[in-house]
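Structure file input_5.json with JSON, C-alpha atoms:
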[["chain", "number", "residue", "atom", "x", "y", "z"],
["A", 1, "MET", "CA", 72.76, 107.14, 107.04],
["A", 2, "LYS", "CA", 75.46, 109.82, 107.35],
["A", 3, "PRO", "CA", 78.24, 107.57, 105.91],
["A", 4, "MET", "CA", 76.09, 106.95, 102.85],
["A", 5, "LEU", "CA", 75.48, 110.68, 102.39],
["A", 6, "SER", "CA", 79.19, 111.45, 102.53],
["A", 7, "MET", "CA", 79.89, 108.65, 100.05],
["A", 8, "LEU", "CA", 77.30, 110.02, 97.62],
["A", 9, "ALA", "CA", 78.83, 113.46, 98.05],
["A", 10, "LEU", "CA", 82.20, 112.02, 96.97],
["A", 11, "LEU", "CA", 80.63, 110.66, 93.81],
["A", 12, "ALA", "CA", 78.97, 113.99, 93.08],
["A", 13, "LEU", "CA", 82.35, 115.69, 93.19],
["A", 14, "MET", "CA", 83.71, 113.35, 90.50],
["A", 15, "PRO", "CA", 81.18, 113.44, 87.64],
["A", 16, "SER", "CA", 83.78, 112.72, 84.96],
["A", 17, "LEU", "CA", 84.82, 109.36, 86.37],
["A", 18, "ALA", "CA", 83.49, 106.24, 84.68],
["A", 19, "THR", "CA", 81.41, 103.69, 86.53],
["A", 20, "ALA", "CA", 83.08, 101.03, 88.67],
["A", 21, "LYS", "CA", 82.77, 98.30, 86.07],
["A", 22, "ASP", "CA", 84.46, 100.53, 83.45],
["A", 23, "GLN", "CA", 87.67, 101.04, 85.41],
["A", 24, "VAL", "CA", 90.84, 99.56, 83.87],
["A", 25, "TYR", "CA", 93.98, 100.09, 85.95],
["A", 26, "ALA", "CA", 96.46, 97.99, 83.97],
["A", 27, "THR", "CA", 96.60, 96.51, 80.48],
["A", 28, "SER", "CA", 98.98, 93.90, 79.14],
["A", 29, "LYS", "CA", 99.80, 91.96, 76.01],
["A", 30, "SER", "CA", 102.68, 89.73, 75.04],
["A", 31, "VAL", "CA", 105.11, 90.63, 72.28],
["A", 32, "ASP", "CA", 105.40, 87.45, 70.27],
["A", 33, "ASN", "CA", 108.33, 85.99, 68.42],
["A", 34, "GLN", "CA", 108.27, 87.87, 65.11],
["A", 35, "PRO", "CA", 111.12, 88.91, 62.77],
["A", 36, "ALA", "CA", 110.53, 92.56, 63.64],
["A", 37, "VAL", "CA", 108.74, 94.23, 66.55],
["A", 38, "THR", "CA", 107.18, 97.68, 66.87],
["A", 39, "GLN", "CA", 107.26, 99.76, 70.03],
["A", 40, "ASP", "CA", 104.38, 101.88, 71.31],
["A", 41, "PRO", "CA", 106.04, 104.92, 72.98],
["A", 42, "ALA", "CA", 103.04, 105.38, 75.29],
["A", 43, "LYS", "CA", 103.48, 101.89, 76.77],
["A", 44, "ALA", "CA", 106.06, 100.35, 79.06],
["A", 45, "TYR", "CA", 107.72, 97.00, 78.38],
["A", 46, "ILE", "CA", 109.11, 94.34, 80.70],
["A", 47, "LEU", "CA", 111.55, 91.59, 79.78],
["A", 48, "LEU", "CA", 112.05, 88.32, 81.65],
["A", 49, "ARG", "CA", 114.20, 85.26, 81.04],
["A", 50, "SER", "CA", 113.36, 81.90, 82.56],
["A", 51, "ASP", "CA", 115.12, 78.54, 82.65],
["A", 52, "ASP", "CA", 111.76, 76.90, 81.89],
["A", 53, "PRO", "CA", 108.44, 78.13, 80.46],
["A", 54, "SER", "CA", 106.99, 80.12, 83.33],
["A", 55, "SER", "CA", 104.99, 83.18, 84.29],
["A", 56, "LEU", "CA", 104.88, 85.91, 86.91],
["A", 57, "MET", "CA", 101.84, 87.69, 88.28],
["A", 58, "LEU", "CA", 102.42, 91.41, 88.83],
["A", 59, "MET", "CA", 100.27, 93.91, 90.71],
["A", 60, "ARG", "CA", 100.31, 97.55, 89.75],
["A", 61, "ILE", "CA", 100.82, 99.95, 92.67],
["A", 62, "ALA", "CA", 98.34, 102.82, 92.71],
["A", 63, "ASP", "CA", 99.52, 106.39, 92.17],
["A", 64, "ALA", "CA", 97.42, 109.34, 93.34],
["A", 65, "ALA", "CA", 95.25, 109.42, 90.22],
["A", 66, "ASP", "CA", 94.71, 105.65, 90.32],
["A", 67, "GLN", "CA", 93.74, 105.82, 93.98],
["A", 68, "ALA", "CA", 91.18, 108.55, 93.32],
["A", 69, "ARG", "CA", 89.60, 106.50, 90.53],
["A", 70, "TYR", "CA", 89.61, 103.39, 92.68],
["A", 71, "ASP", "CA", 88.10, 105.14, 95.71],
["A", 72, "ALA", "CA", 85.30, 106.62, 93.58],
["A", 73, "ALA", "CA", 84.61, 103.26, 91.92],
["A", 74, "ARG", "CA", 84.44, 101.53, 95.29],
["A", 75, "ALA", "CA", 82.14, 104.23, 96.67],
["A", 76, "GLU", "CA", 79.86, 103.82, 93.67],
["A", 77, "ALA", "CA", 79.76, 100.04, 94.10],
["A", 78, "LEU", "CA", 78.97, 100.42, 97.80],
["A", 79, "ALA", "CA", 76.18, 102.90, 97.04],
["A", 80, "GLU", "CA", 74.69, 100.45, 94.54],
["A", 81, "GLU", "CA", 74.90, 97.63, 97.07],
["A", 82, "HIS", "CA", 73.25, 99.82, 99.70],
["A", 83, "GLU", "CA", 70.33, 100.48, 97.34],
["A", 84, "LYS", "CA", 69.91, 96.72, 96.93],
["A", 85, "TYR", "CA", 70.05, 96.34, 100.70],
["A", 86, "LEU", "CA", 67.20, 98.83, 101.13],
["A", 87, "GLY", "CA", 65.11, 96.74, 98.75],
["A", 88, "ARG", "CA", 65.91, 93.55, 100.67],
["A", 89, "LEU", "CA", 65.10, 95.32, 103.92],
["A", 90, "LYS", "CA", 61.64, 96.29, 102.66],
["A", 91, "VAL", "CA", 60.94, 92.68, 101.70],
["A", 92, "TYR", "CA", 62.17, 91.54, 105.10],
["A", 93, "GLU", "CA", 59.96, 94.00, 106.98],
["A", 94, "ARG", "CA", 56.97, 93.03, 104.85],
["A", 95, "ASP", "CA", 57.34, 89.25, 104.97],
["A", 96, "ASN", "CA", 59.00, 88.54, 108.31],
["A", 97, "LYS", "CA", 55.82, 88.33, 110.34],
["A", 98, "GLY", "CA", 56.82, 85.18, 112.18],
["A", 99, "GLY", "CA", 60.42, 86.21, 112.78],
["A", 100, "THR", "CA", 61.82, 83.27, 110.80],
["A", 101, "VAL", "CA", 63.68, 85.24, 108.11],
["A", 102, "GLU", "CA", 67.17, 86.55, 108.85],
["A", 103, "ARG", "CA", 67.44, 90.32, 108.73],
["A", 104, "PRO", "CA", 69.66, 91.49, 105.83],
["A", 105, "VAL", "CA", 73.02, 92.93, 106.79],
["A", 106, "GLU", "CA", 73.54, 96.59, 105.93],
["A", 107, "PRO", "CA", 76.67, 97.08, 103.78],
["A", 108, "THR", "CA", 79.12, 99.53, 105.34],
["A", 109, "GLU", "CA", 82.68, 100.69, 104.74],
["A", 110, "ALA", "CA", 83.83, 98.09, 107.26],
["A", 111, "ASN", "CA", 82.05, 95.00, 105.91],
["A", 112, "PHE", "CA", 81.77, 95.71, 102.17],
["A", 113, "VAL", "CA", 83.72, 93.13, 100.16],
["A", 114, "TYR", "CA", 85.45, 94.74, 97.19],
["A", 115, "PRO", "CA", 88.69, 93.77, 95.39],
["A", 116, "SER", "CA", 91.80, 95.63, 96.50],
["A", 117, "PHE", "CA", 93.49, 97.88, 93.95],
["A", 118, "GLY", "CA", 96.21, 95.27, 93.45],
["A", 119, "GLU", "CA", 93.67, 92.55, 92.70],
["A", 120, "ALA", "CA", 92.01, 94.84, 90.15],
["A", 121, "ALA", "CA", 95.32, 95.80, 88.52],
["A", 122, "THR", "CA", 97.08, 92.51, 87.83],
["A", 123, "VAL", "CA", 99.35, 91.74, 84.90],
["A", 124, "THR", "CA", 100.58, 88.29, 83.84],
["A", 125, "LEU", "CA", 104.04, 88.09, 82.33],
["A", 126, "GLY", "CA", 104.82, 84.88, 80.47],
["A", 127, "GLY", "CA", 102.78, 81.72, 80.39],
["A", 128, "GLY", "CA", 101.85, 82.34, 76.77],
["A", 129, "GLY", "CA", 103.66, 83.60, 73.71],
["A", 130, "ARG", "CA", 107.43, 83.69, 74.06],
["A", 131, "PHE", "CA", 109.54, 86.43, 72.53],
["A", 132, "ALA", "CA", 112.43, 84.00, 72.14],
["A", 133, "LYS", "CA", 113.29, 80.47, 73.21],
["A", 134, "GLY", "CA", 116.30, 78.25, 73.54],
["A", 135, "SER", "CA", 117.14, 74.66, 74.37],
["A", 136, "ASN", "CA", 115.76, 72.75, 77.36],
["A", 137, "GLY", "CA", 112.83, 75.10, 77.79],
["A", 138, "TYR", "CA", 114.81, 78.36, 78.10],
["A", 139, "SER", "CA", 112.33, 81.18, 77.49],
["A", 140, "VAL", "CA", 112.38, 84.95, 77.01],
["A", 141, "TYR", "CA", 109.21, 86.97, 77.53],
["A", 142, "LEU", "CA", 108.55, 90.55, 76.45],
["A", 143, "GLN", "CA", 105.34, 92.17, 77.67],
["A", 144, "GLU", "CA", 103.70, 95.49, 76.83],
["A", 145, "ILE", "CA", 102.06, 97.00, 79.93],
["A", 146, "THR", "CA", 100.60, 100.19, 81.37],
["A", 147, "PRO", "CA", 103.45, 102.36, 82.71],
["A", 148, "GLY", "CA", 103.75, 102.56, 86.49],
["A", 149, "SER", "CA", 105.08, 100.86, 89.59],
["A", 150, "TYR", "CA", 104.58, 97.12, 90.02],
["A", 151, "ARG", "CA", 105.24, 94.49, 92.66],
["A", 152, "ILE", "CA", 105.89, 90.86, 91.78],
["A", 153, "TYR", "CA", 103.03, 89.06, 93.49],
["A", 154, "GLY", "CA", 103.81, 85.48, 92.59],
["A", 155, "MET", "CA", 104.74, 82.84, 90.07],
["A", 156, "GLY", "CA", 102.55, 80.64, 87.87],
["A", 157, "PRO", "CA", 98.85, 80.75, 86.90],
["A", 158, "ILE", "CA", 97.71, 82.11, 90.28],
["A", 159, "MET", "CA", 94.29, 83.18, 89.02],
["A", 160, "GLN", "CA", 93.59, 79.50, 88.34],
["A", 161, "GLY", "CA", 94.63, 78.54, 91.87],
["A", 162, "LEU", "CA", 98.07, 77.26, 90.80],
["A", 163, "GLY", "CA", 101.61, 78.52, 91.27],
["A", 164, "ALA", "CA", 102.91, 80.28, 94.38],
["A", 165, "CYS", "CA", 102.38, 83.63, 96.06],
["A", 166, "TYR", "CA", 105.36, 85.74, 97.12],
["A", 167, "CYS", "CA", 103.21, 86.93, 100.00],
["A", 168, "MET", "CA", 106.01, 86.76, 102.57],
["A", 169, "GLY", "CA", 108.51, 88.92, 100.71],
["A", 170, "SER", "CA", 108.95, 90.33, 97.24],
["A", 171, "VAL", "CA", 110.18, 93.31, 95.22],
["A", 172, "ARG", "CA", 108.75, 96.20, 93.27],
["A", 173, "PHE", "CA", 110.05, 98.12, 90.26],
["A", 174, "GLU", "CA", 109.15, 101.02, 88.00],
["A", 175, "ALA", "CA", 108.19, 100.47, 84.34],
["A", 176, "LYS", "CA", 108.48, 103.70, 82.34],
["A", 177, "ALA", "CA", 106.78, 104.56, 79.07],
["A", 178, "GLY", "CA", 108.96, 104.09, 76.00],
["A", 179, "GLU", "CA", 111.44, 101.83, 77.81],
["A", 180, "VAL", "CA", 112.06, 98.15, 78.42],
["A", 181, "THR", "CA", 112.56, 97.24, 82.07],
["A", 182, "ASP", "CA", 114.73, 94.12, 82.24],
["A", 183, "LEU", "CA", 113.65, 91.96, 85.18],
["A", 184, "GLY", "CA", 116.54, 89.51, 84.84],
["A", 185, "THR", "CA", 116.19, 85.72, 85.07],
["A", 186, "LEU", "CA", 113.72, 83.59, 87.01],
["A", 187, "THR", "CA", 115.09, 80.24, 88.15],
["A", 188, "GLY", "CA", 112.82, 77.67, 89.74],
["A", 189, "VAL", "CA", 109.90, 78.94, 91.78],
["A", 190, "ASN", "CA", 111.35, 81.98, 93.50],
["A", 191, "ALA", "CA", 114.97, 82.78, 92.56],
["A", 192, "LEU", "CA", 115.20, 86.06, 90.64],
["A", 193, "THR", "CA", 118.60, 87.14, 89.37],
["A", 194, "PRO", "CA", 118.92, 90.76, 88.17],
["A", 195, "VAL", "CA", 120.38, 91.27, 84.73],
["A", 196, "THR", "CA", 124.10, 91.99, 84.41],
["A", 197, "ALA", "CA", 126.05, 93.98, 81.82],
["A", 198, "GLY", "CA", 127.27, 90.84, 80.08],
["A", 199, "VAL", "CA", 123.82, 89.64, 79.02],
["A", 200, "ALA", "CA", 123.34, 89.97, 75.26],
["A", 201, "THR", "CA", 120.52, 92.12, 73.83],
["A", 202, "ASP", "CA", 118.19, 90.64, 71.25],
["A", 203, "PRO", "CA", 119.02, 92.31, 67.88],
["A", 204, "ARG", "CA", 115.34, 93.12, 67.38],
["A", 205, "LEU", "CA", 115.56, 95.46, 70.39],
["A", 206, "ALA", "CA", 118.80, 97.13, 69.37],
["A", 207, "ARG", "CA", 117.14, 100.55, 68.98],
["A", 208, "TRP", "CA", 114.99, 100.23, 72.12],
["A", 209, "THR", "CA", 115.95, 101.77, 75.46],
["A", 210, "ILE", "CA", 116.53, 98.88, 77.88],
["A", 211, "ARG", "CA", 117.26, 99.44, 81.57],
["A", 212, "PRO", "CA", 117.78, 96.93, 84.39],
["A", 213, "ALA", "CA", 114.94, 96.89, 86.90],
["A", 214, "ARG", "CA", 115.73, 98.97, 90.00],
["A", 215, "TYR", "CA", 114.28, 96.64, 92.58],
["A", 216, "ARG", "CA", 113.14, 97.60, 96.07],
["A", 217, "ALA", "CA", 111.88, 95.27, 98.77],
["A", 218, "VAL", "CA", 108.17, 95.36, 99.56],
["A", 219, "GLY", "CA", 106.12, 94.10, 102.49],
["A", 220, "LYS", "CA", 103.81, 91.17, 102.92],
["A", 221, "LEU", "CA", 100.45, 90.76, 101.18],
["A", 222, "PRO", "CA", 97.43, 88.48, 101.74],
["A", 223, "ASN", "CA", 97.19, 85.23, 99.82],
["A", 224, "PHE", "CA", 94.20, 86.33, 97.75],
["A", 225, "HIS", "CA", 93.91, 83.12, 95.71],
["A", 226, "GLY", "CA", 94.73, 80.41, 98.23],
["A", 227, "VAL", "CA", 97.90, 79.13, 96.52],
["A", 228, "PRO", "CA", 101.06, 77.92, 98.30],
["A", 229, "VAL", "CA", 102.89, 80.77, 100.02],
["A", 230, "THR", "CA", 106.59, 81.54, 99.65],
["A", 231, "ARG", "CA", 108.88, 84.54, 99.16],
["A", 232, "ILE", "CA", 111.46, 85.66, 96.63],
["A", 233, "MET", "CA", 114.93, 84.48, 97.51],
["A", 234, "PRO", "CA", 117.33, 87.14, 98.85],
["A", 235, "ILE", "CA", 118.79, 89.46, 96.19],
["A", 236, "ALA", "CA", 122.19, 91.03, 96.83],
["A", 237, "GLY", "CA", 121.89, 94.74, 97.55],
["A", 238, "VAL", "CA", 118.10, 94.61, 97.32],
["A", 239, "LEU", "CA", 116.37, 92.13, 99.60],
["A", 240, "ALA", "CA", 117.29, 90.11, 102.67],
["A", 241, "TYR", "CA", 115.48, 88.48, 105.58],
["A", 242, "ASP", "CA", 115.91, 88.18, 109.32],
["A", 243, "ARG", "CA", 113.70, 85.15, 109.90],
["A", 244, "ASP", "CA", 110.31, 86.49, 108.70],
["A", 245, "ARG", "CA", 111.33, 90.17, 108.75],
["A", 246, "ILE", "CA", 111.87, 91.75, 105.33],
["A", 247, "ILE", "CA", 114.99, 93.91, 104.98],
["A", 248, "ASP", "CA", 115.18, 96.56, 102.28],
["A", 249, "LEU", "CA", 118.90, 96.64, 101.50],
["A", 250, "ALA", "CA", 118.45, 99.46, 98.96],
["A", 251, "ALA", "CA", 116.91, 101.85, 101.49],
["A", 252, "THR", "CA", 118.79, 105.07, 102.22],
["A", 253, "PRO", "CA", 119.33, 106.30, 105.80],
["A", 254, "ALA", "CA", 116.62, 108.95, 105.27],
["A", 255, "GLU", "CA", 114.08, 106.21, 104.55]]
Take the structure in the file and give it back as structure tokens.
Amino acid sequence: MKPMLSMLALLALMPSLATAKDQVYATSKSVDNQPAVTQDPAKAYILLRSDDPSSLMLMRIADAADQARYDAARAEALAEEHEKYLGRLKVYERDNKGGTVERPVEPTEANFVYPSFGEAATVTLGGGGRFAKGSNGYSVYLQEITPGSYRIYGMGPIMQGLGACYCMGSVRFEAKAGEVTDLGTLTGVNALTPVTAGVATDPRLARWTIRPARYRAVGKLPNFHGVPVTRIMPIAGVLAYDRDRIIDLAATPAE
């Protein structure tokens, strides 16, 4: 029972944290195609162009405060599950006279199934309202999101079991409050081209601060939703591969 006591002690030290089911790690909403748009300075914005109507699934990367909230929420959920286990155990010990009922499994840190932070902090860019559109399906998406660091997890409606996971290689970027982070252009399933200086800015965003995404390579992730697995195509100065090894071309010697 010592692990449970230490877990309850962790919760006692964090009385101001909300319950597990109240935790929200990332919010998102599309900015639709309107004559004028209003910016919330407390939010970050991301911009994506696509040759066809498309969408990307992003996962927010936990900072220290996020991780503390997540750890406390997980501990609370495990404590609740352990209380249920104790109830099941009493029923088992009362009713299992003939030894025909399987003994309930005690939930522990090792076997407790709980969504990872990334799974709990997903953002979908695109797939719905477009900020602008052109001929032959050309689409521009502008999304309002919680500021922070994000990795591009995959393409398409992954939560519905469709699309593709960039589980074997992808990139991350920082989205800052009060700014638009321009992700560039998505072509096909997995070709991402960073924005260049010659790309025109939508007049509606003329007064907004827009910066190109500063991409960095990130490692592999599990295929949480069982969709086809792929990786983002190499990006000059950012991402390369040596067979299945991911190479961070933007890394400094100190890293």
Closest-contact table, region 75-190 of chain A side, partner region 24-35 of chain A, 6 Å, counting all atoms listed in the file, as JSON lines:
{"residue": "A:Ala121", "atom": "CA", "partner": "A:Ala26", "partner_atom": "CA", "distance": 5.2}
{"residue": "A:Gly129", "atom": "CA", "partner": "A:Asp32", "partner_atom": "CA", "distance": 5.4}
{"residue": "A:Arg130", "atom": "CA", "partner": "A:Asp32", "partner_atom": "CA", "distance": 5.7}
{"residue": "A:Phe131", "atom": "CA", "partner": "A:Asn33", "partner_atom": "CA", "distance": 4.3}
{"residue": "A:Ala132", "atom": "CA", "partner": "A:Asn33", "partner_atom": "CA", "distance": 5.9}
{"residue": "A:Leu142", "atom": "CA", "partner": "A:Val31", "partner_atom": "CA", "distance": 5.4}
{"residue": "A:Gln143", "atom": "CA", "partner": "A:Ser30", "partner_atom": "CA", "distance": 4.5}
{"residue": "A:Glu144", "atom": "CA", "partner": "A:Lys29", "partner_atom": "CA", "distance": 5.3}
{"residue": "A:Ile145", "atom": "CA", "partner": "A:Ser28", "partner_atom": "CA", "distance": 4.4}
{"residue": "A:Thr146", "atom": "CA", "partner": "A:Ala26", "partner_atom": "CA", "distance": 5.4}
Near-Gly237 (chain A) list (9 Å; all atoms listed in the file; drop same-chain fewer than 4 positions) as a list of chain:residue names: A:Asp248, A:Leu249, A:Ala250
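Pairwise distance (CA of Arg207 (chain A), CA of Gly178 (chain A)) equals 11.3 Å.
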Report as lines of an AutoDock Vina configuration file the centre and the edge lengths, in Å to one decimal, of the axis-aligned box holding every listed atom of region 198-207 of chain A, padded by 3 Å on each side.
center_x = 121.3
center_y = 95.1
center_z = 73.7
size_x = 17.9
size_y = 16.9
size_z = 18.7
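Taking CA of Thr187 (chain A) and CA of Gln39 (chain A) as the two end points, the separation is 27.8 Å.
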Separation of CA of Ala191 (chain A) from CA of Met233 (chain A) in Å: 5.2 Å
Residues near Leu47 (chain A), cut-off 7 Å, all atoms listed in the file, skip fewer than 6 positions along chain, as a PyMOL selection string: chain A and resi 141-143+180-183
For Ala200 (chain A), the nearest of the candidates A:Met59, A:Gly163, A:Arg49, A:Val37, counting all atoms listed in the file: A:Arg49
Nearest to Gly226 (chain A), chosen from A:Leu162, A:Val171, A:Ala213, A:Ala206, with only C-alpha atoms counted in the distances: A:Leu162
Distance criterion (only C-alpha atoms): nearest to Ile152 (chain A) out of A:Ile210, A:Asn190, A:Val140, A:Ile246: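 For Ile152 (chain A), the nearest of the candidates is A:Asn190.
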Pick from A:Gln67, A:Ser170, A:Thr196, A:Thr209, whichever lies nearest to Thr230 (chain A) using only C-alpha atoms: A:Ser170
Which of A:Arg172, A:Arg151, A:Arg60, A:Lys220 sits closest to Thr122 (chain A) [using all atoms listed in the file]: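 Going through A:Arg172, A:Arg151, A:Arg60, A:Lys220 one by one, the smallest distance to Thr122 (chain A) is for A:Arg60.
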Neighbour list for region 50-54 of chain A as a PyMOL selection string, cut-off 6 Å, only C-alpha atoms, skip fewer than 2 positions in-chain: chain A and resi 126-127+137-139+185-187
Contacts of Arg74 (chain A) within 9 Å, only C-alpha atoms, excl. fewer than 4 positions in-chain, as a ChimeraX atom specification: /A:20,69-70,78-79,114-115
Can I get the selection written as a PDB file, in the frame of the given file, with C-alpha atoms?
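Produced file again_30.pdb, reproduced below:
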ATOM      1  CA  ALA A  20      83.080 101.030  88.670  1.00  0.00           C
ATOM      2  CA  ARG A  69      89.600 106.500  90.530  1.00  0.00           C
ATOM      3  CA  TYR A  70      89.610 103.390  92.680  1.00  0.00           C
ATOM      4  CA  LEU A  78      78.970 100.420  97.800  1.00  0.00           C
ATOM      5  CA  ALA A  79      76.180 102.900  97.040  1.00  0.00           C
ATOM      6  CA  TYR A 114      85.450  94.740  97.190  1.00  0.00           C
ATOM      7  CA  PRO A 115      88.690  93.770  95.390  1.00  0.00           C
TER       8      PRO A 115
END
A:Leu58, A:Ala42, A:Cys165, A:Ala236 ranked by distance to Val123 (chain A), top pick (using all atoms listed in the file): A:Leu58
Can you list, as a PDB file with C-alpha atoms, in the coordinates of the input, every protein, DNA or RNA residue that comes within 9 Å of Glu179 (chain A) when you count all atoms listed in the file, leaving out same-chain residues fewer than 5 positions away?
ATOM      1  CA  PRO A  41     106.040 104.920  72.980  1.00  0.00           C
ATOM      2  CA  LYS A  43     103.480 101.890  76.770  1.00  0.00           C
ATOM      3  CA  ALA A  44     106.060 100.350  79.060  1.00  0.00           C
ATOM      4  CA  TYR A  45     107.720  97.000  78.380  1.00  0.00           C
ATOM      5  CA  ILE A  46     109.110  94.340  80.700  1.00  0.00           C
ATOM      6  CA  TRP A 208     114.990 100.230  72.120  1.00  0.00           C
ATOM      7  CA  THR A 209     115.950 101.770  75.460  1.00  0.00           C
ATOM      8  CA  ILE A 210     116.530  98.880  77.880  1.00  0.00           C
ATOM      9  CA  ARG A 211     117.260  99.440  81.570  1.00  0.00           C
TER      10      ARG A 211
END
